[in-house]
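These notes concern the structure reproduced below.
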Amino acid sequence: MLDFENSNASFLICPNFSDDVMSYLYSKSYSIFPIHKIEGDKTSENYICINNSDNISLLSDSSKLINDLDVGSVIIKYFEDSNIYEVLKGNKRLVEVKYYSEGDEDKYLHDNYVFSFVSKKMYSFPKEKSDLKEGMIVECLSNNNWIKKSIGNVSLEYDKIYKLLIKYNKVRIPL
């Protein structure tokens, strides 16, 4: 099984591809292993591509696959980076691994493990009153649960609620 949390690991996950893509990856000394992608009730073969090259080469290879060889998207994990990205033509988004997921997202099967890549939620933490606006949706930590709350009157609510929560990083703004 791939160790997605290992910062020393780097890899690409590519969809089913042509002989040109396979030739390109072999010419770049990638080790290629099959992996199954489950989309609804259909299964397709994808590939995990592993190489000992640096991050710049990995990014360059993924760019070549997407732009020149018409691979739709690539999942990429860089060496010494704990984040995983889905790279599309002209776009890169942060994703996280979800094991044994039951949602609608596409699932992957490898070595009897089922996992999927879902968009990672990003947050900012306000530092002062000016970071808050009326009508803004924020999340406040209460009893180890993040609770969504809409801001009504910033001046009034800041002094009563948010001033203390901001001090202890107990309020966040979804991006």
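For the structure tokens, the naming scheme is as follows: chains receive sequential letters (A, B, ...) according to their order of presentation, residues are indexed from 1 within each chain, and ligands are indexed from 1 in presentation order.
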Next item on the list: From a DSSP calculation on the backbone, collect every residue of chain A in helix (DSSP H, G or I) and output the set as a ChimeraX atom specification.
Entry: /A:19-27,55-67,129-131,154-167
Go through stretch 100-135 of chain A residue by residue and, counting only C-alpha atoms, keep those with an atom at most 8 Å from stretch 146-166 of chain A; for each kept residue give the shortest atom pair and its distance in Å to one decimal, ordered by chain and increasing number, as CSV.
```
residue,atom,partner,partner_atom,distance
A:Phe125,CA,A:Ile166,CA,7.7
A:Pro126,CA,A:Ile166,CA,6.5
A:Lys127,CA,A:Ile166,CA,6.2
A:Glu128,CA,A:Ile166,CA,7.4
A:Lys129,CA,A:Tyr158,CA,6.7
A:Leu132,CA,A:Val154,CA,6.8
A:Lys133,CA,A:Val154,CA,6.4
A:Glu134,CA,A:Ile151,CA,5.3
A:Gly135,CA,A:Ile151,CA,5.1
```
Please, which residues in stretch 109-161 of chain A fall within 12 Å of stretch 13-22 of chain A when counting only C-alpha atoms, and what is the closest atom pair and distance in Å to one decimal for each, ordered by chain then residue number, as a Markdown table?
```
| residue | atom | partner | partner_atom | distance |
| --- | --- | --- | --- | --- |
| A:His110 | CA | A:Ile13 | CA | 11.8 |
| A:Ser116 | CA | A:Ile13 | CA | 11.9 |
| A:Phe117 | CA | A:Ile13 | CA | 11.0 |
```
With C-alpha atoms kept, could you save the residues just selected as an mmCIF file, in the first residue's frame?
```cif
data_model
loop_
_atom_site.group_PDB
_atom_site.id
_atom_site.type_symbol
_atom_site.label_atom_id
_atom_site.label_comp_id
_atom_site.auth_asym_id
_atom_site.auth_seq_id
_atom_site.Cartn_x
_atom_site.Cartn_y
_atom_site.Cartn_z
ATOM 1 C CA HIS A 110 -4.945 -1.035 -4.496
ATOM 2 C CA SER A 116 -10.423 8.260 -2.629
ATOM 3 C CA PHE A 117 -9.125 11.778 -3.121
#
```
Check: At what distance in Å, to one decimal, does atom CA of A:Asn46 lie from atom CA of A:Asp61?
Finding: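 If I compute the distance from atom CA of A:Asp61 to atom CA of A:Asn46, I get 16.6 Å.
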Distance table requested - stretch 73-150 of chain A against stretch 5-8 of chain A, cut-off 9 Å, only C-alpha atoms: one row per qualifying residue with the closest atom pair and its distance in Å to one decimal, ordered by chain and rising residue number, as CSV.
```
residue,atom,partner,partner_atom,distance
A:Lys77,CA,A:Ser7,CA,8.9
A:Tyr78,CA,A:Ser7,CA,8.0
A:Phe79,CA,A:Asn8,CA,5.3
A:Glu80,CA,A:Ser7,CA,4.4
A:Asp81,CA,A:Ser7,CA,5.2
A:Ser82,CA,A:Ser7,CA,5.1
A:Asn83,CA,A:Glu5,CA,8.3
```
Next, dump the selected residues to file, keeping only C-alpha atoms, as an mmCIF file, in the first residue's frame.
```
data_model
loop_
_atom_site.group_PDB
_atom_site.id
_atom_site.type_symbol
_atom_site.label_atom_id
_atom_site.label_comp_id
_atom_site.auth_asym_id
_atom_site.auth_seq_id
_atom_site.Cartn_x
_atom_site.Cartn_y
_atom_site.Cartn_z
ATOM 1 C CA LYS A 77 2.543 13.983 -4.438
ATOM 2 C CA TYR A 78 5.869 15.765 -4.182
ATOM 3 C CA PHE A 79 8.917 14.612 -2.258
ATOM 4 C CA GLU A 80 9.158 16.167 1.259
ATOM 5 C CA ASP A 81 5.608 17.505 1.001
ATOM 6 C CA SER A 82 2.741 16.054 2.989
ATOM 7 C CA ASN A 83 0.124 17.506 0.600
#
```
So that I can check the surroundings of A:Ile66, please list as a PDB file with C-alpha atoms, in the first residue's frame every protein, DNA and RNA residue that reaches within 12 Å of it, counting only C-alpha atoms and ignoring chain neighbours fewer than 3 positions away.
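Below is the file around_19.pdb, written as the result:
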```
ATOM      1  CA  LEU A  12       1.907  10.329  -9.913  1.00  0.00           C
ATOM      2  CA  CYS A  14      -2.501   8.665 -14.003  1.00  0.00           C
ATOM      3  CA  PRO A  15      -5.682   7.483 -15.699  1.00  0.00           C
ATOM      4  CA  PHE A  17      -3.308   6.025 -20.974  1.00  0.00           C
ATOM      5  CA  VAL A  21       2.240   8.025 -22.402  1.00  0.00           C
ATOM      6  CA  LEU A  59       5.901  18.734 -12.048  1.00  0.00           C
ATOM      7  CA  SER A  60       7.388  18.954 -15.550  1.00  0.00           C
ATOM      8  CA  ASP A  61       6.384  15.351 -16.286  1.00  0.00           C
ATOM      9  CA  SER A  62       2.836  15.907 -15.046  1.00  0.00           C
ATOM     10  CA  SER A  63       2.590  19.064 -17.166  1.00  0.00           C
ATOM     11  CA  LEU A  69      -0.154  13.795 -24.204  1.00  0.00           C
ATOM     12  CA  ASP A  70      -3.820  14.586 -23.373  1.00  0.00           C
ATOM     13  CA  VAL A  71      -4.026  12.863 -20.007  1.00  0.00           C
ATOM     14  CA  GLY A  72      -7.074  14.515 -18.382  1.00  0.00           C
ATOM     15  CA  SER A  73      -5.775  14.843 -14.826  1.00  0.00           C
ATOM     16  CA  VAL A  74      -2.981  13.594 -12.613  1.00  0.00           C
ATOM     17  CA  ILE A  75      -2.800  13.060  -8.864  1.00  0.00           C
ATOM     18  CA  GLU A  86      -4.921  16.934  -8.378  1.00  0.00           C
ATOM     19  CA  VAL A  87      -3.514  18.646 -11.442  1.00  0.00           C
ATOM     20  CA  LEU A  88      -5.867  19.485 -14.305  1.00  0.00           C
ATOM     21  CA  LYS A  89      -5.124  21.509 -17.397  1.00  0.00           C
ATOM     22  CA  GLY A  90      -4.361  24.995 -16.022  1.00  0.00           C
ATOM     23  CA  ASN A  91      -5.536  24.169 -12.502  1.00  0.00           C
ATOM     24  CA  LYS A  92      -4.163  22.539  -9.368  1.00  0.00           C
TER      25      LYS A  92
END
```
Next item on the list: Pick out the residues sitting within 9 Å of stretch 33-35 of chain A, and hand them over as a PyMOL selection string; count only C-alpha atoms, and ignore anything fewer than 2 positions along from it in its own chain.
Entry: chain A and resi 13+31+37+44-50+108-111
Item checked: Members of stretch 59-148 of chain A assigned strand (DSSP E) by DSSP, as a ChimeraX atom specification -> /A:73-77,84-88,91-99,107-110,113-119,123-124,137-142,145-148
What does the file look like for those residues with C-alpha atoms, as a PDB file, in the first residue's frame?
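As a result, selection.pdb now contains:
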```pdb
ATOM      1  CA  SER A  73      -5.775  14.843 -14.826  1.00  0.00           C
ATOM      2  CA  VAL A  74      -2.981  13.594 -12.613  1.00  0.00           C
ATOM      3  CA  ILE A  75      -2.800  13.060  -8.864  1.00  0.00           C
ATOM      4  CA  ILE A  76       0.639  14.168  -7.714  1.00  0.00           C
ATOM      5  CA  LYS A  77       2.543  13.983  -4.438  1.00  0.00           C
ATOM      6  CA  ILE A  84      -1.373  15.739  -2.413  1.00  0.00           C
ATOM      7  CA  TYR A  85      -2.645  17.643  -5.459  1.00  0.00           C
ATOM      8  CA  GLU A  86      -4.921  16.934  -8.378  1.00  0.00           C
ATOM      9  CA  VAL A  87      -3.514  18.646 -11.442  1.00  0.00           C
ATOM     10  CA  LEU A  88      -5.867  19.485 -14.305  1.00  0.00           C
ATOM     11  CA  ASN A  91      -5.536  24.169 -12.502  1.00  0.00           C
ATOM     12  CA  LYS A  92      -4.163  22.539  -9.368  1.00  0.00           C
ATOM     13  CA  ARG A  93      -6.228  21.773  -6.268  1.00  0.00           C
ATOM     14  CA  LEU A  94      -5.310  20.400  -2.888  1.00  0.00           C
ATOM     15  CA  VAL A  95      -6.827  16.987  -2.094  1.00  0.00           C
ATOM     16  CA  GLU A  96      -6.723  14.651   0.860  1.00  0.00           C
ATOM     17  CA  VAL A  97      -6.924  10.881   1.086  1.00  0.00           C
ATOM     18  CA  LYS A  98     -10.073   9.374   2.504  1.00  0.00           C
ATOM     19  CA  TYR A  99      -9.913   5.659   3.332  1.00  0.00           C
ATOM     20  CA  LYS A 107     -12.598   5.427  -5.455  1.00  0.00           C
ATOM     21  CA  TYR A 108      -9.327   3.644  -6.021  1.00  0.00           C
ATOM     22  CA  LEU A 109      -8.531   0.036  -5.167  1.00  0.00           C
ATOM     23  CA  HIS A 110      -4.945  -1.035  -4.496  1.00  0.00           C
ATOM     24  CA  TYR A 113      -7.410  -0.979   0.237  1.00  0.00           C
ATOM     25  CA  VAL A 114     -10.132   1.383  -0.950  1.00  0.00           C
ATOM     26  CA  PHE A 115      -9.388   5.090  -0.871  1.00  0.00           C
ATOM     27  CA  SER A 116     -10.423   8.260  -2.629  1.00  0.00           C
ATOM     28  CA  PHE A 117      -9.125  11.778  -3.121  1.00  0.00           C
ATOM     29  CA  VAL A 118     -11.463  14.557  -2.008  1.00  0.00           C
ATOM     30  CA  SER A 119     -10.970  18.315  -2.076  1.00  0.00           C
ATOM     31  CA  TYR A 123      -9.540  27.808   6.298  1.00  0.00           C
ATOM     32  CA  SER A 124      -8.167  31.125   7.435  1.00  0.00           C
ATOM     33  CA  ILE A 137     -20.180  32.369   7.742  1.00  0.00           C
ATOM     34  CA  VAL A 138     -17.588  31.340  10.329  1.00  0.00           C
ATOM     35  CA  GLU A 139     -16.991  28.150  12.265  1.00  0.00           C
ATOM     36  CA  CYS A 140     -16.500  28.209  16.035  1.00  0.00           C
ATOM     37  CA  LEU A 141     -14.945  25.385  18.060  1.00  0.00           C
ATOM     38  CA  SER A 142     -17.227  24.175  20.838  1.00  0.00           C
ATOM     39  CA  ASN A 145     -16.877  20.313  17.175  1.00  0.00           C
ATOM     40  CA  TRP A 146     -16.763  23.088  14.595  1.00  0.00           C
ATOM     41  CA  ILE A 147     -20.156  24.817  14.530  1.00  0.00           C
ATOM     42  CA  LYS A 148     -21.179  27.096  11.637  1.00  0.00           C
TER      43      LYS A 148
END
```
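Using only C-alpha atoms, the nearest neighbour of A:Ile38 within the list A:Pro174, A:Lys167, A:Gly103, A:Lys120 is A:Gly103.
Interatomic distance, atom CA of A:Phe11 to atom CA of A:Glu102: 24.9 Å.
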Item checked: Interatomic distance, atom CA of A:Leu65 to atom CA of A:Leu25 (Å, one decimal) -> 9.1 Å
